[in-house]
2 protein chains.
Amino acid sequence: MSQHQNVAIVGVGLIGGSIGLCLRKRGMAASVTGVGRRQQSLDKALGVGAIDRASLDLEAAVAKADLVIVATPVGSVTDDVCRAVAAASQAQLITDVGSTKGVICHAVEERLAGQRHRFVGSHPLAGDHRTGPEHARGDLLEGRTVVVTPTATTDPAVLATAQQFWHSLGAVVRIMNPEEHDRALAATSHLPHLVASALAATTPAEWLSLAATGWADTTRVASGDAELWTQIFAQNGPAVSEALDKLLQVLGKLRTEIASEDWDSLRDTLLQAKQIRDALGN
Amino acid sequence: MSQHQNVAIVGVGLIGGSIGLCLRKRGMAASVTGVGRRQQSLDKALGVGAIDRASLDLEAAVAKADLVIVATPVGSVTDDVCRAVAAASQAQLITDVGSTKGVICHAVEERLAGQRHRFVGSHPLAGDHRTGPEHARGDLLEGRTVVVTPTATTDPAVLATAQQFWHSLGAVVRIMNPEEHDRALAATSHLPHLVASALAATTPAEWLSLAATGWADTTRVASGDAELWTQIFAQNGPAVSEALDKLLQVLGKLRTEIASEDWDSLRDTLLQAKQIRDALGN
């Protein structure tokens with residue numbers, strides 16, 4: 001289990017807060033400082049025990065940190081990581097938790113070109129449609145996968161520290177390059193979100209009272225924060241479009257099968273989908 | 001609370017079994033006879049206490065029933081209802097629980113044209129992706145909506161008996177005509193199922209291990225029985241196509257917004273979806 005003196009968590013929402021709670025519960029850090037832009041969020045994070053210090057000043061808060069986790073919305077991650085890299089001279093590891101990796105990792109690399117740095121990108125696959133530190137849970141990462149996305153210029157020691165860190169929180173680490181991560185997440189997370197939102201948006205209001213568990217399950221993620229998700233789509237547009245095109249092809253095929261009453265083909269698609277879904281379990 | 005001497009349930013799956021359990025737990029029937037085509041399902045239903053008698057002979061089982069519920073797959077409902085109407089000379093109510101209503105109600109009406117009969121269609125909105133009497137629950141209908149779909153030829157006394165019956169199981173009754181029911185359910189249930197299946201079917205196998213709760217929720221219904229759902233699509237094709245076309249229009253719009261980086265419009269759709277989804281709760 002890795003031990004840290006000073007941990008700084010930039011952005012104390014659901015994920016940042018949960019990491020803080022876990023570190024503090026397991027006694028893995030001498031201090032956990034939360035960095036935010038609004039005192040209100042920091043107070044909430046202090047209140048639930050996710051952090052023990054709070055700061056509105058990123059540079060000051062990370063100056064003595066040996067570990068920095070940037071858990072801000074993906075649209076802010078690049079800037080926050082570069083600021084942390086510049087200010088956290090003692091850090092062994094600076095990582096983020098953003099749902100996209102290509103744009104972030106390459107922008108950071110470009111901005112820090114030639115400099116020795118201690119950043120590697122991460123993405124814990126443990127989101128929730130709820131946000132905010134009030135929903136933080138110390139066991140949020142227990143048994144979950146964290147994708148870590150090194151690039152050609154990543155220091156192997158930094159990668160090893162990142163793996164060790166996520167393991168110590170109970171997570172399973174998977175190494176992927178940023179592009180593969182983004183294409184995979186487009187299919188497994190970003191497209192489902194887009195489709196759930198489209199389904200919710202097109203359900204006529206007068207029939208919503210007839211929505212049962214099937215509709216509720218299928219559209220649940222549409223409750224996610226619209227601004228956060230817009231940033232995710234903005235950072236992963238091409239991969240999401242590619243996944244969407246594949247889906248549109250299948251939906252077009254199903255549409256033709258319904259129109260031509262080709263129930264055998266339709267049943268085949270439903271069976272194939274059922275086998276894939278059943279393999280995952282509940 | 002309505003009291004019945006002899007209740008016959010034709011088809012003892014999840015819904016039929018749950019109705020039986022509820023009737024027996026509440027002491028609402030002197031006897032509940034399950035009718036099936038395979039002794040194995042009937043034995044399971046007997047085993048979980050969903051029925052107290054079992055029969056492979058529909059006509060014999062309904063002959064003395066004062067209430068008959070047909071809970072077979074939608075492709076079999078019309079035949080089973082007509083057989084029950086012919087054989088259940090003492091029944092005050094014959095109803096079904098099929099997820100489609102137009103094809104069933106009008107086919108029954110046509111076949112029984114001119115005859116006085118005691119059938120009215122019902123659809124309890126309380127499905128589950130699991131099937132079989134082993135998942136039956138006595139409280140499955142508690143607080144759920146049951147849509148009852150009279151037509152121009154429905155006897156008002158039969159409609160009243162159906163309302164009373166579903167109320168006595170703890171359900172909320174909503175009256176709709178069969179066509180309106182089918183268009184509403186296409187949007188709130190059948191389309192979500194089709195989309196969930198398409199999503200599951202198009203997720204590349206090598207990335208399934210990255211699927212988290214978002215993917216799991218959005219695709220959960222794809223675990224439903226492929227044959228049952230093919231029958232539902234076969235009976236509600238035009239309404240499902242209509243709902244699918246509306247969805248394809250929105251997905252096409254989202255695709256254009258991503259390609260043209262029109263994040264304001266995309267955010268608007270996500271926000272609209274979130275408001276609709278949030279209104280339902282979990």
# chains A, B, ... in the order shown; residues from 1 in each chain; ligands from 1
>>> select_by_dssp(residues="segment 9-177 of chain A", states="strand (DSSP E)", output="ChimeraX atom specification")
/A:9-10,29-35,53-55,67-70,93-96,121-124,145-149,172-175
>>> residues_around(residues="segment 145-159 of chain B", least_positions_apart="3", cutoff="7 Å", atoms="only C-alpha atoms", output="list in words")
Gln92, Leu93, Arg118, Val120, Gly121, Ser122, His123, Pro124, Leu125, Ala162, Gln163, Ala171, Val172, Val173, Arg174, Ile175, Met176, Asn177 and Pro178 of chain B
>>> closest_atom_pairs(of="chain B", to="chain A", cutoff="6 Å", atoms="only C-alpha atoms", output="tab-separated table")
residue	atom	partner	partner_atom	distance
B:Ala184	CA	A:Trp207	CA	5.8
B:Ala187	CA	A:Thr203	CA	6.0
B:Thr188	CA	A:Ala211	CA	5.3
B:Ser189	CA	A:Trp215	CA	6.0
B:Ser197	CA	A:Ala273	CA	5.1
B:Ala200	CA	A:Ala273	CA	5.1
B:Ala201	CA	A:Ala273	CA	4.4
B:Thr203	CA	A:Ala187	CA	6.0
B:Trp207	CA	A:Ala184	CA	5.7
B:Ala211	CA	A:Thr188	CA	5.3
B:Trp215	CA	A:Thr188	CA	5.8
B:Asp217	CA	A:Asp217	CA	5.0
B:Thr218	CA	A:Thr218	CA	3.9
B:Ala222	CA	A:Lys274	CA	5.3
B:Ser223	CA	A:Lys274	CA	4.6
B:Ala226	CA	A:Leu270	CA	5.4
B:Thr230	CA	A:Arg267	CA	5.7
B:Gly237	CA	A:Ile258	CA	5.8
B:Ile258	CA	A:Gly237	CA	5.8
B:Arg267	CA	A:Thr230	CA	5.7
B:Leu270	CA	A:Ala226	CA	5.4
B:Leu271	CA	A:Ala226	CA	5.5
B:Ala273	CA	A:Ala201	CA	4.4
B:Lys274	CA	A:Ser223	CA	4.6
B:Arg277	CA	A:Ser223	CA	5.9
B:Asp278	CA	A:Ser223	CA	5.9
>>> write_last_selection(atoms="N, CA, C and O atoms", output="CSV table (one decimal), in the first residue's frame")
chain,number,residue,atom,x,y,z
B,184,ALA,N,-48.1,4.6,-27.1
B,184,ALA,CA,-47.4,5.0,-25.9
B,184,ALA,C,-46.4,4.0,-25.5
B,184,ALA,O,-45.2,4.3,-25.1
B,187,ALA,N,-43.2,4.0,-27.4
B,187,ALA,CA,-42.2,5.0,-27.0
B,187,ALA,C,-41.6,4.7,-25.7
B,187,ALA,O,-40.4,5.0,-25.5
B,188,THR,N,-42.3,4.2,-24.7
B,188,THR,CA,-41.8,4.1,-23.3
B,188,THR,C,-41.2,2.7,-23.0
B,188,THR,O,-40.5,2.5,-22.0
B,189,SER,N,-41.5,1.7,-23.9
B,189,SER,CA,-41.0,0.4,-23.6
B,189,SER,C,-40.3,-0.4,-24.8
B,189,SER,O,-39.2,-0.9,-24.7
B,197,SER,N,-30.9,-3.2,-27.1
B,197,SER,CA,-30.4,-4.4,-27.8
B,197,SER,C,-29.4,-4.0,-28.9
B,197,SER,O,-28.3,-4.6,-29.1
B,200,ALA,N,-26.1,-3.0,-27.1
B,200,ALA,CA,-25.4,-4.2,-26.7
B,200,ALA,C,-24.8,-4.9,-27.9
B,200,ALA,O,-23.6,-5.4,-27.8
B,201,ALA,N,-25.5,-5.1,-28.9
B,201,ALA,CA,-25.1,-5.9,-30.1
B,201,ALA,C,-23.9,-5.2,-30.8
B,201,ALA,O,-23.1,-5.8,-31.4
B,203,THR,N,-21.5,-3.2,-29.3
B,203,THR,CA,-20.3,-2.9,-28.5
B,203,THR,C,-19.3,-4.0,-28.8
B,203,THR,O,-19.5,-5.2,-28.6
B,207,TRP,N,-13.9,-4.6,-25.8
B,207,TRP,CA,-14.1,-3.5,-24.8
B,207,TRP,C,-15.1,-3.7,-23.8
B,207,TRP,O,-15.4,-2.8,-22.9
B,211,ALA,N,-17.0,-1.9,-19.7
B,211,ALA,CA,-18.4,-1.4,-19.5
B,211,ALA,C,-18.6,-1.2,-18.0
B,211,ALA,O,-18.4,-2.1,-17.2
B,215,TRP,N,-23.2,1.7,-19.0
B,215,TRP,CA,-23.5,0.7,-20.1
B,215,TRP,C,-24.5,-0.4,-19.5
B,215,TRP,O,-25.5,-0.8,-20.2
B,217,ASP,N,-26.8,-0.2,-17.1
B,217,ASP,CA,-28.1,0.4,-17.0
B,217,ASP,C,-28.8,0.5,-18.4
B,217,ASP,O,-29.9,0.0,-18.6
B,218,THR,N,-28.1,1.1,-19.3
B,218,THR,CA,-28.6,1.4,-20.6
B,218,THR,C,-29.0,0.2,-21.4
B,218,THR,O,-29.9,0.2,-22.2
B,222,ALA,N,-31.9,-5.6,-22.6
B,222,ALA,CA,-31.6,-6.4,-23.7
B,222,ALA,C,-31.4,-7.9,-23.2
B,222,ALA,O,-31.3,-8.8,-24.0
B,223,SER,N,-31.4,-8.1,-21.9
B,223,SER,CA,-31.4,-9.5,-21.4
B,223,SER,C,-32.8,-10.2,-21.5
B,223,SER,O,-32.9,-11.3,-21.1
B,226,ALA,N,-35.6,-13.1,-26.1
B,226,ALA,CA,-35.6,-12.7,-27.5
B,226,ALA,C,-36.9,-13.1,-28.2
B,226,ALA,O,-37.4,-12.3,-29.0
B,230,THR,N,-39.6,-10.5,-29.8
B,230,THR,CA,-39.8,-10.5,-31.3
B,230,THR,C,-41.3,-10.5,-31.5
B,230,THR,O,-41.8,-9.8,-32.4
B,237,GLY,N,-45.4,-3.3,-34.8
B,237,GLY,CA,-44.4,-2.8,-35.8
B,237,GLY,C,-44.6,-1.4,-36.2
B,237,GLY,O,-43.7,-0.6,-36.0
B,258,ILE,N,-22.2,17.2,-33.3
B,258,ILE,CA,-20.9,16.8,-32.9
B,258,ILE,C,-19.9,17.1,-34.1
B,258,ILE,O,-18.8,17.6,-33.9
B,267,ARG,N,-25.7,20.6,-25.9
B,267,ARG,CA,-26.0,20.8,-24.5
B,267,ARG,C,-27.5,21.0,-24.2
B,267,ARG,O,-28.0,20.5,-23.2
B,270,LEU,N,-29.1,17.7,-24.2
B,270,LEU,CA,-28.8,16.9,-23.0
B,270,LEU,C,-29.5,17.5,-21.8
B,270,LEU,O,-30.0,16.8,-20.9
B,271,LEU,N,-29.7,18.8,-21.7
B,271,LEU,CA,-30.4,19.5,-20.6
B,271,LEU,C,-31.9,19.1,-20.7
B,271,LEU,O,-32.5,18.8,-19.6
B,273,ALA,N,-33.2,16.5,-22.0
B,273,ALA,CA,-33.3,15.0,-21.6
B,273,ALA,C,-33.2,14.9,-20.1
B,273,ALA,O,-33.9,14.1,-19.5
B,274,LYS,N,-32.2,15.6,-19.5
B,274,LYS,CA,-32.0,15.6,-18.1
B,274,LYS,C,-33.3,16.0,-17.3
B,274,LYS,O,-33.6,15.4,-16.3
B,277,ARG,N,-35.8,13.2,-17.6
B,277,ARG,CA,-35.3,12.0,-16.8
B,277,ARG,C,-35.4,12.3,-15.3
B,277,ARG,O,-35.9,11.4,-14.5
B,278,ASP,N,-35.0,13.5,-14.9
B,278,ASP,CA,-35.0,13.8,-13.4
B,278,ASP,C,-36.4,13.8,-12.9
B,278,ASP,O,-36.6,13.5,-11.7
>>> residues_around(residues="Ala63 of chain B", least_positions_apart="4", cutoff="12 Å", atoms="only C-alpha atoms", output="list in words")
Asn6, Val7, Ala8, Thr33, Ser55, Asp57, Leu58, Glu59, Leu67, Val68, Arg83, Ala84, Val85, Ala86, Ala87, Ala88, Ser89, Gln90 and Ala91 of chain B
>>> write_last_selection(atoms="N, CA, C and O atoms", output="mmCIF file, in the first residue's frame")
data_model
loop_
_atom_site.group_PDB
_atom_site.id
_atom_site.type_symbol
_atom_site.label_atom_id
_atom_site.label_comp_id
_atom_site.auth_asym_id
_atom_site.auth_seq_id
_atom_site.Cartn_x
_atom_site.Cartn_y
_atom_site.Cartn_z
ATOM 1 N N ASN B 6 -63.020 -19.417 -8.070
ATOM 2 C CA ASN B 6 -62.009 -20.142 -8.831
ATOM 3 C C ASN B 6 -61.362 -19.215 -9.844
ATOM 4 O O ASN B 6 -62.039 -18.673 -10.708
ATOM 5 N N VAL B 7 -60.055 -19.062 -9.705
ATOM 6 C CA VAL B 7 -59.305 -18.241 -10.651
ATOM 7 C C VAL B 7 -58.434 -19.167 -11.496
ATOM 8 O O VAL B 7 -57.800 -20.080 -10.958
ATOM 9 N N ALA B 8 -58.434 -18.940 -12.794
ATOM 10 C CA ALA B 8 -57.529 -19.692 -13.669
ATOM 11 C C ALA B 8 -56.523 -18.730 -14.283
ATOM 12 O O ALA B 8 -56.906 -17.665 -14.790
ATOM 13 N N THR B 33 -55.885 -21.950 -10.199
ATOM 14 C CA THR B 33 -55.411 -23.026 -11.063
ATOM 15 C C THR B 33 -54.484 -22.463 -12.127
ATOM 16 O O THR B 33 -54.858 -21.538 -12.853
ATOM 17 N N SER B 55 -52.853 -27.523 -14.375
ATOM 18 C CA SER B 55 -53.530 -28.266 -15.436
ATOM 19 C C SER B 55 -52.851 -28.017 -16.773
ATOM 20 O O SER B 55 -52.395 -26.915 -17.063
ATOM 21 N N ASP B 57 -54.658 -28.710 -19.416
ATOM 22 C CA ASP B 57 -55.859 -28.654 -20.263
ATOM 23 C C ASP B 57 -56.603 -27.339 -20.022
ATOM 24 O O ASP B 57 -57.310 -27.181 -19.029
ATOM 25 N N LEU B 58 -56.411 -26.390 -20.926
ATOM 26 C CA LEU B 58 -57.002 -25.063 -20.755
ATOM 27 C C LEU B 58 -58.518 -25.127 -20.572
ATOM 28 O O LEU B 58 -59.061 -24.558 -19.610
ATOM 29 N N GLU B 59 -59.181 -25.837 -21.483
ATOM 30 C CA GLU B 59 -60.655 -25.859 -21.445
ATOM 31 C C GLU B 59 -61.176 -26.405 -20.113
ATOM 32 O O GLU B 59 -62.090 -25.831 -19.505
ATOM 33 N N LEU B 67 -62.950 -16.196 -12.949
ATOM 34 C CA LEU B 67 -61.984 -15.194 -13.407
ATOM 35 C C LEU B 67 -60.872 -15.912 -14.156
ATOM 36 O O LEU B 67 -60.306 -16.876 -13.635
ATOM 37 N N VAL B 68 -60.580 -15.465 -15.364
ATOM 38 C CA VAL B 68 -59.499 -16.076 -16.153
ATOM 39 C C VAL B 68 -58.514 -14.990 -16.574
ATOM 40 O O VAL B 68 -58.902 -13.957 -17.130
ATOM 41 N N ARG B 83 -60.127 -19.345 -26.795
ATOM 42 C CA ARG B 83 -60.421 -20.666 -26.211
ATOM 43 C C ARG B 83 -61.036 -20.500 -24.825
ATOM 44 O O ARG B 83 -61.991 -21.193 -24.472
ATOM 45 N N ALA B 84 -60.508 -19.560 -24.049
ATOM 46 C CA ALA B 84 -61.035 -19.348 -22.698
ATOM 47 C C ALA B 84 -62.465 -18.813 -22.752
ATOM 48 O O ALA B 84 -63.332 -19.256 -21.991
ATOM 49 N N VAL B 85 -62.726 -17.876 -23.667
ATOM 50 C CA VAL B 85 -64.076 -17.318 -23.789
ATOM 51 C C VAL B 85 -65.067 -18.440 -24.107
ATOM 52 O O VAL B 85 -66.162 -18.510 -23.524
ATOM 53 N N ALA B 86 -64.674 -19.346 -24.998
ATOM 54 C CA ALA B 86 -65.575 -20.434 -25.396
ATOM 55 C C ALA B 86 -65.825 -21.416 -24.258
ATOM 56 O O ALA B 86 -66.939 -21.953 -24.124
ATOM 57 N N ALA B 87 -64.805 -21.656 -23.422
ATOM 58 C CA ALA B 87 -64.911 -22.712 -22.410
ATOM 59 C C ALA B 87 -65.320 -22.210 -21.025
ATOM 60 O O ALA B 87 -65.826 -22.983 -20.211
ATOM 61 N N ALA B 88 -65.097 -20.920 -20.742
ATOM 62 C CA ALA B 88 -65.324 -20.419 -19.375
ATOM 63 C C ALA B 88 -66.718 -19.816 -19.273
ATOM 64 O O ALA B 88 -66.877 -18.599 -19.175
ATOM 65 N N SER B 89 -67.702 -20.679 -19.241
ATOM 66 C CA SER B 89 -69.084 -20.195 -19.308
ATOM 67 C C SER B 89 -69.512 -19.453 -18.053
ATOM 68 O O SER B 89 -70.478 -18.707 -18.063
ATOM 69 N N GLN B 90 -68.770 -19.653 -16.937
ATOM 70 C CA GLN B 90 -69.178 -18.989 -15.693
ATOM 71 C C GLN B 90 -68.343 -17.752 -15.377
ATOM 72 O O GLN B 90 -68.527 -17.125 -14.335
ATOM 73 N N ALA B 91 -67.410 -17.399 -16.275
ATOM 74 C CA ALA B 91 -66.483 -16.308 -15.957
ATOM 75 C C ALA B 91 -67.155 -14.944 -16.007
ATOM 76 O O ALA B 91 -67.933 -14.650 -16.911
#
>>> residues_around(residues="segment 103-108 of chain B", least_positions_apart="5", cutoff="7 Å", atoms="only C-alpha atoms", output="ChimeraX atom specification")
/B:77-78,82,121,235
>>> atom_distance(atom1="atom CA of Arg53 of chain A", atom2="atom CA of Glu134 of chain A")
16.6 Å
>>> residues_around(residues="Gly36 of chain B", least_positions_apart="2", cutoff="8 Å", atoms="only C-alpha atoms", output="NGL selection string")
:B and (10-12 or 34 or 38-39 or 41-42 or 54-58)
>>> write_last_selection(atoms="C-alpha atoms", output="short mmCIF file (atom, residue, chain, number, x, y, z; two decimals), in the first residue's frame")
data_model
loop_
_atom_site.label_atom_id
_atom_site.label_comp_id
_atom_site.auth_asym_id
_atom_site.auth_seq_id
_atom_site.Cartn_x
_atom_site.Cartn_y
_atom_site.Cartn_z
CA VAL B 10 -53.19 -19.38 -18.27
CA GLY B 11 -49.40 -19.11 -18.46
CA VAL B 12 -47.51 -19.11 -15.17
CA GLY B 34 -52.36 -22.60 -13.26
CA ARG B 38 -45.24 -27.95 -19.77
CA GLN B 39 -45.58 -29.73 -16.46
CA SER B 41 -43.32 -24.74 -15.37
CA LEU B 42 -46.46 -25.74 -13.52
CA ALA B 54 -52.10 -27.20 -12.12
CA SER B 55 -53.53 -28.27 -15.44
CA LEU B 56 -52.27 -28.92 -18.95
CA ASP B 57 -55.86 -28.65 -20.26
CA LEU B 58 -57.00 -25.06 -20.75
#
>>> closest_residue(among="B:Val32, B:Arg111, B:Asp52, B:Leu169", to="Arg137 of chain B", atoms="only C-alpha atoms")
B:Leu169
>>> select_by_dssp(residues="segment 5-249 of chain A", states="alpha helix (DSSP H)", output="number ranges by chain")
A: 14-25, 39-47, 58-62, 74-87, 102-111, 156-168, 178-185, 191-202, 213-219, 226-235, 237-249
>>> decode(residues="segment 160-171 of chain B", atoms="all heavy atoms", output="PDB file, in the first residue's frame")
ATOM      1  N   ALA B 160     -65.684  -2.641 -15.482  1.00  0.00           N
ATOM      2  CA  ALA B 160     -65.702  -2.327 -14.048  1.00  0.00           C
ATOM      3  C   ALA B 160     -65.091  -3.460 -13.232  1.00  0.00           C
ATOM      4  O   ALA B 160     -64.338  -3.220 -12.274  1.00  0.00           O
ATOM      5  CB  ALA B 160     -67.130  -2.043 -13.589  1.00  0.00           C
ATOM      6  N   THR B 161     -65.388  -4.698 -13.597  1.00  0.00           N
ATOM      7  CA  THR B 161     -64.823  -5.854 -12.896  1.00  0.00           C
ATOM      8  C   THR B 161     -63.300  -5.886 -13.045  1.00  0.00           C
ATOM      9  O   THR B 161     -62.565  -6.182 -12.087  1.00  0.00           O
ATOM     10  CB  THR B 161     -65.432  -7.168 -13.442  1.00  0.00           C
ATOM     11  OG1 THR B 161     -66.855  -7.090 -13.337  1.00  0.00           O
ATOM     12  CG2 THR B 161     -64.928  -8.374 -12.666  1.00  0.00           C
ATOM     13  N   ALA B 162     -62.820  -5.563 -14.253  1.00  0.00           N
ATOM     14  CA  ALA B 162     -61.371  -5.551 -14.486  1.00  0.00           C
ATOM     15  C   ALA B 162     -60.706  -4.484 -13.621  1.00  0.00           C
ATOM     16  O   ALA B 162     -59.671  -4.737 -12.988  1.00  0.00           O
ATOM     17  CB  ALA B 162     -61.080  -5.298 -15.962  1.00  0.00           C
ATOM     18  N   GLN B 163     -61.303  -3.304 -13.573  1.00  0.00           N
ATOM     19  CA  GLN B 163     -60.733  -2.220 -12.754  1.00  0.00           C
ATOM     20  C   GLN B 163     -60.647  -2.634 -11.300  1.00  0.00           C
ATOM     21  O   GLN B 163     -59.635  -2.449 -10.638  1.00  0.00           O
ATOM     22  CB  GLN B 163     -61.604  -0.961 -12.878  1.00  0.00           C
ATOM     23  CG  GLN B 163     -61.470  -0.281 -14.230  1.00  0.00           C
ATOM     24  CD  GLN B 163     -62.331   0.971 -14.294  1.00  0.00           C
ATOM     25  OE1 GLN B 163     -63.505   0.886 -14.662  1.00  0.00           O
ATOM     26  NE2 GLN B 163     -61.765   2.109 -13.943  1.00  0.00           N
ATOM     27  N   GLN B 164     -61.750  -3.214 -10.803  1.00  0.00           N
ATOM     28  CA  GLN B 164     -61.826  -3.670  -9.424  1.00  0.00           C
ATOM     29  C   GLN B 164     -60.765  -4.742  -9.142  1.00  0.00           C
ATOM     30  O   GLN B 164     -60.096  -4.711  -8.114  1.00  0.00           O
ATOM     31  CB  GLN B 164     -63.216  -4.296  -9.236  1.00  0.00           C
ATOM     32  CG  GLN B 164     -63.813  -4.103  -7.896  1.00  0.00           C
ATOM     33  CD  GLN B 164     -65.251  -4.669  -7.893  1.00  0.00           C
ATOM     34  OE1 GLN B 164     -65.683  -5.372  -8.820  1.00  0.00           O
ATOM     35  NE2 GLN B 164     -65.979  -4.366  -6.833  1.00  0.00           N
ATOM     36  N   PHE B 165     -60.619  -5.662 -10.086  1.00  0.00           N
ATOM     37  CA  PHE B 165     -59.657  -6.748  -9.914  1.00  0.00           C
ATOM     38  C   PHE B 165     -58.236  -6.197  -9.770  1.00  0.00           C
ATOM     39  O   PHE B 165     -57.517  -6.537  -8.824  1.00  0.00           O
ATOM     40  CB  PHE B 165     -59.735  -7.725 -11.084  1.00  0.00           C
ATOM     41  CG  PHE B 165     -58.612  -8.727 -11.088  1.00  0.00           C
ATOM     42  CD1 PHE B 165     -58.502  -9.663 -10.069  1.00  0.00           C
ATOM     43  CD2 PHE B 165     -57.657  -8.714 -12.085  1.00  0.00           C
ATOM     44  CE1 PHE B 165     -57.444 -10.583 -10.056  1.00  0.00           C
ATOM     45  CE2 PHE B 165     -56.599  -9.624 -12.076  1.00  0.00           C
ATOM     46  CZ  PHE B 165     -56.499 -10.558 -11.064  1.00  0.00           C
ATOM     47  N   TRP B 166     -57.816  -5.329 -10.694  1.00  0.00           N
ATOM     48  CA  TRP B 166     -56.435  -4.818 -10.638  1.00  0.00           C
ATOM     49  C   TRP B 166     -56.229  -3.939  -9.403  1.00  0.00           C
ATOM     50  O   TRP B 166     -55.161  -3.983  -8.785  1.00  0.00           O
ATOM     51  CB  TRP B 166     -56.089  -4.059 -11.925  1.00  0.00           C
ATOM     52  CG  TRP B 166     -56.039  -4.942 -13.146  1.00  0.00           C
ATOM     53  CD1 TRP B 166     -56.844  -4.870 -14.247  1.00  0.00           C
ATOM     54  CD2 TRP B 166     -55.136  -6.028 -13.382  1.00  0.00           C
ATOM     55  NE1 TRP B 166     -56.499  -5.847 -15.163  1.00  0.00           N
ATOM     56  CE2 TRP B 166     -55.458  -6.570 -14.661  1.00  0.00           C
ATOM     57  CE3 TRP B 166     -54.099  -6.615 -12.652  1.00  0.00           C
ATOM     58  CZ2 TRP B 166     -54.766  -7.656 -15.214  1.00  0.00           C
ATOM     59  CZ3 TRP B 166     -53.403  -7.688 -13.212  1.00  0.00           C
ATOM     60  CH2 TRP B 166     -53.740  -8.200 -14.467  1.00  0.00           C
ATOM     61  N   HIS B 167     -57.245  -3.149  -9.045  1.00  0.00           N
ATOM     62  CA  HIS B 167     -57.147  -2.371  -7.803  1.00  0.00           C
ATOM     63  C   HIS B 167     -56.890  -3.272  -6.617  1.00  0.00           C
ATOM     64  O   HIS B 167     -56.104  -2.963  -5.727  1.00  0.00           O
ATOM     65  CB  HIS B 167     -58.454  -1.601  -7.544  1.00  0.00           C
ATOM     66  CG  HIS B 167     -58.528  -0.305  -8.286  1.00  0.00           C
ATOM     67  ND1 HIS B 167     -59.709   0.197  -8.774  1.00  0.00           N
ATOM     68  CD2 HIS B 167     -57.570   0.580  -8.648  1.00  0.00           C
ATOM     69  CE1 HIS B 167     -59.460   1.337  -9.395  1.00  0.00           C
ATOM     70  NE2 HIS B 167     -58.174   1.598  -9.341  1.00  0.00           N
ATOM     71  N   SER B 168     -57.597  -4.408  -6.597  1.00  0.00           N
ATOM     72  CA  SER B 168     -57.487  -5.303  -5.438  1.00  0.00           C
ATOM     73  C   SER B 168     -56.085  -5.904  -5.333  1.00  0.00           C
ATOM     74  O   SER B 168     -55.680  -6.389  -4.287  1.00  0.00           O
ATOM     75  CB  SER B 168     -58.555  -6.393  -5.503  1.00  0.00           C
ATOM     76  OG  SER B 168     -58.240  -7.325  -6.528  1.00  0.00           O
ATOM     77  N   LEU B 169     -55.310  -5.860  -6.424  1.00  0.00           N
ATOM     78  CA  LEU B 169     -53.922  -6.342  -6.369  1.00  0.00           C
ATOM     79  C   LEU B 169     -52.943  -5.207  -6.048  1.00  0.00           C
ATOM     80  O   LEU B 169     -51.732  -5.388  -6.091  1.00  0.00           O
ATOM     81  CB  LEU B 169     -53.532  -6.979  -7.704  1.00  0.00           C
ATOM     82  CG  LEU B 169     -54.312  -8.228  -8.134  1.00  0.00           C
ATOM     83  CD1 LEU B 169     -53.746  -8.797  -9.436  1.00  0.00           C
ATOM     84  CD2 LEU B 169     -54.268  -9.313  -7.060  1.00  0.00           C
ATOM     85  N   GLY B 170     -53.487  -4.026  -5.762  1.00  0.00           N
ATOM     86  CA  GLY B 170     -52.621  -2.907  -5.375  1.00  0.00           C
ATOM     87  C   GLY B 170     -52.213  -2.019  -6.534  1.00  0.00           C
ATOM     88  O   GLY B 170     -51.423  -1.080  -6.362  1.00  0.00           O
ATOM     89  N   ALA B 171     -52.733  -2.272  -7.729  1.00  0.00           N
ATOM     90  CA  ALA B 171     -52.326  -1.514  -8.908  1.00  0.00           C
ATOM     91  C   ALA B 171     -53.196  -0.279  -9.124  1.00  0.00           C
ATOM     92  O   ALA B 171     -54.290  -0.158  -8.571  1.00  0.00           O
ATOM     93  CB  ALA B 171     -52.373  -2.401 -10.144  1.00  0.00           C
TER      94      ALA B 171
END
